[in-house]
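> Quick one: the structure is below, questions incoming.
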Amino acid sequence: MNRIAKTALMAGAAWGALSTIALAQDAAPQQQANAVEDIVVTARRTEESAQTTPLAVTAFNAETLQRQGALQVTDLQGAVPNLNIVQGRGSSNSTNIYIRGVGQPDALQTFDPAVGVYVDDVYYSRIRGTQFDLLDLERIEVLRGPQGTLYGKNTIGGALKLVSRRPGQEFRARASAAYGSYDLIDIQGAVSGPITDTLAFGLSALHSQRGGYVTDPVTGAEYNDKNTTAVRGSLAWDPASNLRVDFAADWSRDDAGLTVGQATSNLYSILGVPIRNFPNPLPQYDFRTRVTPGLPNLTELSHWGGSLRVEWDLSDSLTLKSITGYRELETTDYIDFDATELSISEALVDVSQQQRSQEFQLTYDSGPLTAVAGVYYLREEVSSHQEAYANDLLGAAFANSPFTRTIDDALETTSKAAYANVSFAVSDQLRVSGGIRRTEEEKDYIRSTSTFYALLPAFNATYPFAPPVGEYDDTSLAASIDYQPDPDTLWYLRYSEGFKSGGFNGRANSIAESSEYDPETAESWEIGFKATRWDNRLRFNAAYFITDYRNFQARVSGTDIDPITKAPSPKLSILNAGGLSLSGLEIETVLVPIPGLQLDAQIGYLDADYTDFADAQFTAFGGSRAFQVPAFSPKWTARYGAQYEAILGDGSSITVGGAAKFRSRMALAVDNTILNTNVELPGMFQDDYWTYDARVVWSDPASRYTVGLYGQNLSDEVYKTDAQEFSTVGGIRTAYYGAPRTWMLKVSARY
């Protein structure tokens, strides 16, 4: 870690220590308007203050998101300790989410996420379609650590919850328009209000587009752009005082160009003959990349669905909820894996996905007892057609023969679960909680792989694969005890479990690679402290955790012998490689020292190591690669922010704010050393870096109109966010980069 980074982090630690000391001090009362705002969350499926919830949860309300100029969920990067949330590799519509070193970055349709994404309590099964624009939200909640009891499968790392604003009996309208770098145009609007005394409606829409960050220096084509349109409608019906019905439907379309990166290693033919060499070290990335001529500049997504939520108060203490969801997703993605004009590895990935879910939940809240119990059902059908092009991979030895491989597959998933969680107040200060969830799941998978060699048409072949139905089950437990010595202080100890389902390798090039892999599991201990002082002017939250992560599913590269060409053939396997030991500390603090001035900091420390990582290819290390660095697990993440609101003479206000964000050295791929060596691949790592954001926002006296100027990455830092490691496919190791310096001018109005 460089000296500047160390100095800044020491300053952050000192800031945290000073805040802790301040907790014990008394101060004169201040007006509530100058206090830190509290947010009510549903992290435990019942409404409670974030400050009295005994788990690590970070929440953002709509005002906070708007004030910071956040447009997409990836704009949360840096604002939550030990959270990595970036656009997925090679895709404009998927999101790579890691929490506390646990995640799943591959958008392939057979790979389940490790962080659950929920919109209005409806689970999204794929990481495709989760690159959300922030449209008319009430809040976002980020739950850190395993959430296996209340949220179920594929929340082994945590959960990301988006909660939409419910229309009510008061008419409300807002609109905004923004223009910025790379011809950014972002237009949003929302309106809601009563239809009758018991029925209210809501309608919101957006269109967001900008030019590409990346340019082909020869053709002038632009990549890594944005072009999204979305519409959402909702109805809120309250036919009786004890009955609430909410219906929502949404549609979105993403019509962007390719998402491309930078080749970081020399490229070779299938026989190991060099076909493209690069300088070592690579020059600084300048957002210029060659792309294979003729490859369509296209990534498309259509995504729509609906939800129906019914809440019926059976009594003053007992509520029955029904949550019904349906979603459909269609994508067409072209991907240039090698990021050159050569055809070493390009692909078309067409995906069609449908899911139906139903949850019944019973909530009891009376006296010292609060309980939540329910049953859950999910049925998902996802199919894909893939075409891989590798005309230059065969090389001169095969007369540069055109080569295409196709994969057609279909996966049907049925998941059933039952759960219960109980909290009991032993006294006014002490509360104990426990939870259990039983999940049973089946996956029915079938695929067909075909190879087409122009040079050897007689050897073109199709390989079907239809394994037995995969069956997976899990029982997850959770327990916590929390103590409030006073209403503004909470201590808690929490134990939680989670699991990620097993499955089948949809990226396999042969039947042998298509073997089934087992589920992952995690056990985590967390001790936390939450406190509010100085008449709500100071908030200090801290959590320390230890996680034992077992049966880690790792996608690794290898080499086989092609049955047709008899040449070395890439092998992309999924291993249940072993385990990870994860531990760390998280601090979140907000201070309002004087009226109008707010200081905040979010600091995360993560110690991530493999306890074992079995891979027979690493013979030089006894069949183990446990020495490697776990992916997306930086030791430090930190954000330091400040804003000041000045009231002008006419009652209007000017708010000036900014943030400095730090992320320490991080591996960007599971495979990050040369095969069978401990020599690290520089292109698969991102060194320490800082980014800086700032904003100036004017608001009229009634806070109806605002004009804001926002700047992101003001130092124009060049940094990687993700990487693609296909080293056995011609030596491909491609890095993807974050956005360069950008600015945005935004005008908003609300009624």
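Please note that chains go A, B, ... in the order of the structure tokens, that every chain numbers its residues from 1, and that ligands are numbered from 1 in the order shown.
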Name all residues at most 9 Å from Phe247 in chain A (count only C-alpha atoms; drop same-chain ones fewer than 6 positions away) and give them as a list of chain:residue names.

A:Gly233, A:Ser234, A:Leu235, A:Ala236, A:Trp237, A:Gly306, A:Ser307, A:Leu308, A:Arg309, A:Val310

> Just to be explicit: take each residue in the selection above, keep N, CA, C and O atoms, and write the result as a compact mmCIF listing (two decimals), in the first residue's frame.


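Written output follows (result.txt):
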# COMPACT_ATOMS: atom_id res chain seq x y z
N GLY A 233 -45.50 1.03 -13.66
CA GLY A 233 -46.81 1.46 -13.20
C GLY A 233 -47.21 0.70 -11.96
O GLY A 233 -46.83 -0.46 -11.78
N SER A 234 -47.96 1.33 -11.08
CA SER A 234 -48.36 0.67 -9.84
C SER A 234 -49.74 1.15 -9.40
O SER A 234 -50.15 2.27 -9.70
N LEU A 235 -50.42 0.26 -8.68
CA LEU A 235 -51.71 0.56 -8.07
C LEU A 235 -51.65 0.16 -6.60
O LEU A 235 -51.14 -0.91 -6.26
N ALA A 236 -52.15 1.03 -5.75
CA ALA A 236 -52.25 0.74 -4.31
C ALA A 236 -53.72 0.84 -3.92
O ALA A 236 -54.35 1.90 -4.05
N TRP A 237 -54.24 -0.26 -3.44
CA TRP A 237 -55.67 -0.35 -3.11
C TRP A 237 -55.82 -0.71 -1.64
O TRP A 237 -55.25 -1.69 -1.17
N GLY A 306 -44.16 -8.37 -13.35
CA GLY A 306 -45.15 -7.77 -12.46
C GLY A 306 -45.16 -8.46 -11.11
O GLY A 306 -44.62 -9.56 -10.95
N SER A 307 -45.73 -7.78 -10.14
CA SER A 307 -45.84 -8.35 -8.80
C SER A 307 -47.17 -7.95 -8.19
O SER A 307 -47.71 -6.87 -8.47
N LEU A 308 -47.67 -8.82 -7.35
CA LEU A 308 -48.91 -8.59 -6.61
C LEU A 308 -48.64 -8.89 -5.14
O LEU A 308 -48.21 -10.00 -4.80
N ARG A 309 -48.87 -7.89 -4.31
CA ARG A 309 -48.61 -8.03 -2.87
C ARG A 309 -49.91 -7.73 -2.13
O ARG A 309 -50.52 -6.68 -2.32
N VAL A 310 -50.32 -8.66 -1.29
CA VAL A 310 -51.54 -8.51 -0.50
C VAL A 310 -51.18 -8.66 0.98
O VAL A 310 -50.53 -9.64 1.37

> Would you give me, as a tab-separated table, each residue of range 230-281 of chain A having an atom within 10 Å of an atom of range 179-191 of chain A, along with its shortest atom pair and that distance in Å to one decimal, using only C-alpha atoms and sorting by chain and residue number?


residue	atom	partner	partner_atom	distance
A:Ala230	CA	A:Gln188	CA	9.4
A:Val231	CA	A:Ala190	CA	9.7
A:Arg232	CA	A:Ala190	CA	9.2
A:Gly233	CA	A:Ala190	CA	9.6

> Keeping only C-alpha atoms, write the selected residues to a file as a PDB file, in the first residue's frame.


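Listing of selection-v6.pdb after writing:
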ATOM      1  CA  ALA A 230     -37.895   1.960 -18.605  1.00  0.00           C
ATOM      2  CA  VAL A 231     -41.522   2.327 -17.496  1.00  0.00           C
ATOM      3  CA  ARG A 232     -43.154   1.290 -14.232  1.00  0.00           C
ATOM      4  CA  GLY A 233     -46.809   1.463 -13.200  1.00  0.00           C
TER       5      GLY A 233
END

> Using only C-alpha atoms, determine which residues lie at most 10 Å from Arg494 in chain A, disregarding the query and same-chain residues fewer than 5 positions distant; provide the list as a list of chain:residue names.

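The filter keeps A:Pro54, A:Leu55, A:Ala56, A:Val432, A:Ser433, A:Gly434, A:Ala478, A:Ala479, A:Ser480, A:Ile481, A:Asp482, A:Ser524, A:Trp525, A:Glu526, A:Ile527, A:Gly528, A:Phe545.
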
> Just all heavy atoms for this one: save the residues we selected as a tab-separated table (two decimals), in the first residue's frame.


chain	number	residue	atom	x	y	z
A	54	PRO	N	-30.41	-5.90	14.46
A	54	PRO	CA	-29.16	-6.55	14.88
A	54	PRO	C	-28.43	-7.28	13.76
A	54	PRO	O	-28.19	-8.49	13.82
A	54	PRO	CB	-29.64	-7.51	15.98
A	54	PRO	CG	-31.02	-7.89	15.57
A	54	PRO	CD	-31.60	-6.66	14.93
A	55	LEU	N	-28.08	-6.56	12.72
A	55	LEU	CA	-27.24	-7.07	11.65
A	55	LEU	C	-26.69	-5.87	10.88
A	55	LEU	O	-27.20	-4.75	11.01
A	55	LEU	CB	-28.00	-8.03	10.73
A	55	LEU	CG	-29.25	-7.55	10.00
A	55	LEU	CD1	-28.92	-6.88	8.67
A	55	LEU	CD2	-30.19	-8.72	9.74
A	56	ALA	N	-25.66	-6.11	10.08
A	56	ALA	CA	-25.02	-5.03	9.33
A	56	ALA	C	-25.86	-4.71	8.10
A	56	ALA	O	-25.92	-5.50	7.15
A	56	ALA	CB	-23.61	-5.43	8.92
A	432	VAL	N	-33.56	-11.78	22.26
A	432	VAL	CA	-32.93	-12.92	21.62
A	432	VAL	C	-33.75	-13.30	20.39
A	432	VAL	O	-34.98	-13.15	20.38
A	432	VAL	CB	-32.80	-14.13	22.57
A	432	VAL	CG1	-31.84	-13.81	23.70
A	432	VAL	CG2	-34.16	-14.55	23.11
A	433	SER	N	-33.07	-13.77	19.35
A	433	SER	CA	-33.73	-14.11	18.09
A	433	SER	C	-33.15	-15.39	17.53
A	433	SER	O	-31.97	-15.71	17.75
A	433	SER	CB	-33.57	-12.98	17.05
A	433	SER	OG	-34.04	-11.75	17.55
A	434	GLY	N	-33.97	-16.13	16.81
A	434	GLY	CA	-33.51	-17.34	16.16
A	434	GLY	C	-34.31	-17.60	14.90
A	434	GLY	O	-35.49	-17.21	14.81
A	478	ALA	N	-29.98	-19.30	11.97
A	478	ALA	CA	-29.52	-17.98	12.39
A	478	ALA	C	-29.92	-17.78	13.85
A	478	ALA	O	-30.94	-18.29	14.30
A	478	ALA	CB	-30.11	-16.87	11.52
A	479	ALA	N	-29.09	-17.04	14.57
A	479	ALA	CA	-29.38	-16.72	15.97
A	479	ALA	C	-28.70	-15.40	16.31
A	479	ALA	O	-27.61	-15.10	15.79
A	479	ALA	CB	-28.91	-17.83	16.90
A	480	SER	N	-29.34	-14.61	17.16
A	480	SER	CA	-28.72	-13.35	17.58
A	480	SER	C	-29.21	-12.99	18.97
A	480	SER	O	-30.28	-13.42	19.42
A	480	SER	CB	-29.05	-12.22	16.59
A	480	SER	OG	-30.42	-11.90	16.62
A	481	ILE	N	-28.41	-12.19	19.61
A	481	ILE	CA	-28.77	-11.60	20.89
A	481	ILE	C	-28.36	-10.14	20.84
A	481	ILE	O	-27.27	-9.81	20.39
A	481	ILE	CB	-28.10	-12.34	22.07
A	481	ILE	CG1	-28.54	-11.72	23.40
A	481	ILE	CG2	-26.59	-12.37	21.94
A	481	ILE	CD1	-28.11	-12.54	24.61
A	482	ASP	N	-29.27	-9.25	21.23
A	482	ASP	CA	-28.93	-7.83	21.20
A	482	ASP	C	-29.33	-7.19	22.51
A	482	ASP	O	-30.31	-7.59	23.17
A	482	ASP	CB	-29.58	-7.12	20.01
A	482	ASP	CG	-31.09	-7.22	19.98
A	482	ASP	OD1	-31.62	-8.19	19.39
A	482	ASP	OD2	-31.75	-6.34	20.53
A	524	SER	N	-21.21	-17.68	9.53
A	524	SER	CA	-20.64	-16.38	9.87
A	524	SER	C	-21.01	-15.97	11.29
A	524	SER	O	-22.15	-16.17	11.73
A	524	SER	CB	-21.13	-15.32	8.88
A	524	SER	OG	-20.57	-14.06	9.16
A	525	TRP	N	-20.03	-15.40	11.99
A	525	TRP	CA	-20.25	-14.76	13.28
A	525	TRP	C	-20.03	-13.26	13.11
A	525	TRP	O	-19.09	-12.84	12.43
A	525	TRP	CB	-19.29	-15.30	14.34
A	525	TRP	CG	-19.59	-16.71	14.78
A	525	TRP	CD1	-19.11	-17.86	14.26
A	525	TRP	CD2	-20.46	-17.08	15.84
A	525	TRP	NE1	-19.62	-18.94	14.92
A	525	TRP	CE2	-20.46	-18.50	15.91
A	525	TRP	CE3	-21.25	-16.37	16.75
A	525	TRP	CZ2	-21.20	-19.20	16.85
A	525	TRP	CZ3	-21.99	-17.08	17.69
A	525	TRP	CH2	-21.95	-18.48	17.72
A	526	GLU	N	-20.89	-12.48	13.75
A	526	GLU	CA	-20.79	-11.02	13.63
A	526	GLU	C	-21.10	-10.39	14.98
A	526	GLU	O	-22.10	-10.74	15.62
A	526	GLU	CB	-21.76	-10.53	12.57
A	526	GLU	CG	-21.82	-9.02	12.38
A	526	GLU	CD	-22.80	-8.65	11.28
A	526	GLU	OE1	-22.68	-9.23	10.17
A	526	GLU	OE2	-23.68	-7.82	11.52
A	527	ILE	N	-20.25	-9.48	15.39
A	527	ILE	CA	-20.52	-8.70	16.59
A	527	ILE	C	-20.58	-7.24	16.17
A	527	ILE	O	-19.75	-6.76	15.39
A	527	ILE	CB	-19.44	-8.91	17.68
A	527	ILE	CG1	-19.82	-8.12	18.95
A	527	ILE	CG2	-18.05	-8.57	17.19
A	527	ILE	CD1	-18.96	-8.46	20.15
A	528	GLY	N	-21.63	-6.54	16.63
A	528	GLY	CA	-21.84	-5.19	16.16
A	528	GLY	C	-22.22	-4.21	17.25
A	528	GLY	O	-22.68	-4.60	18.34
A	545	PHE	N	-16.68	-9.31	11.77
A	545	PHE	CA	-17.25	-10.58	11.33
A	545	PHE	C	-16.15	-11.59	11.03
A	545	PHE	O	-15.01	-11.24	10.69
A	545	PHE	CB	-18.10	-10.37	10.07
A	545	PHE	CG	-17.33	-9.88	8.88
A	545	PHE	CD1	-16.74	-10.78	7.98
A	545	PHE	CD2	-17.17	-8.52	8.64
A	545	PHE	CE1	-16.02	-10.33	6.89
A	545	PHE	CE2	-16.45	-8.06	7.55
A	545	PHE	CZ	-15.86	-8.97	6.67

> Which is closest to Val696 in chain A among A:Gly657, A:Gly148, A:Pro630, A:Gly579, if we use only C-alpha atoms?

A:Gly657

> Taking only range 16-222 of chain A into account, list the residues labelled strand (DSSP E) by DSSP (computed from the backbone), as number ranges by chain.

A: 40-41, 48-49, 57-61, 83-87, 95-99, 102-103, 115-119, 122-124, 137-144, 158-164, 172-180, 184-194, 199-210, 214-215, 222

> Rounded to one decimal in Å, what is the spacing between CA of Gly158 in chain A and CA of Phe499 in chain A?

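That distance, rounded to one decimal, is 10.6 Å.
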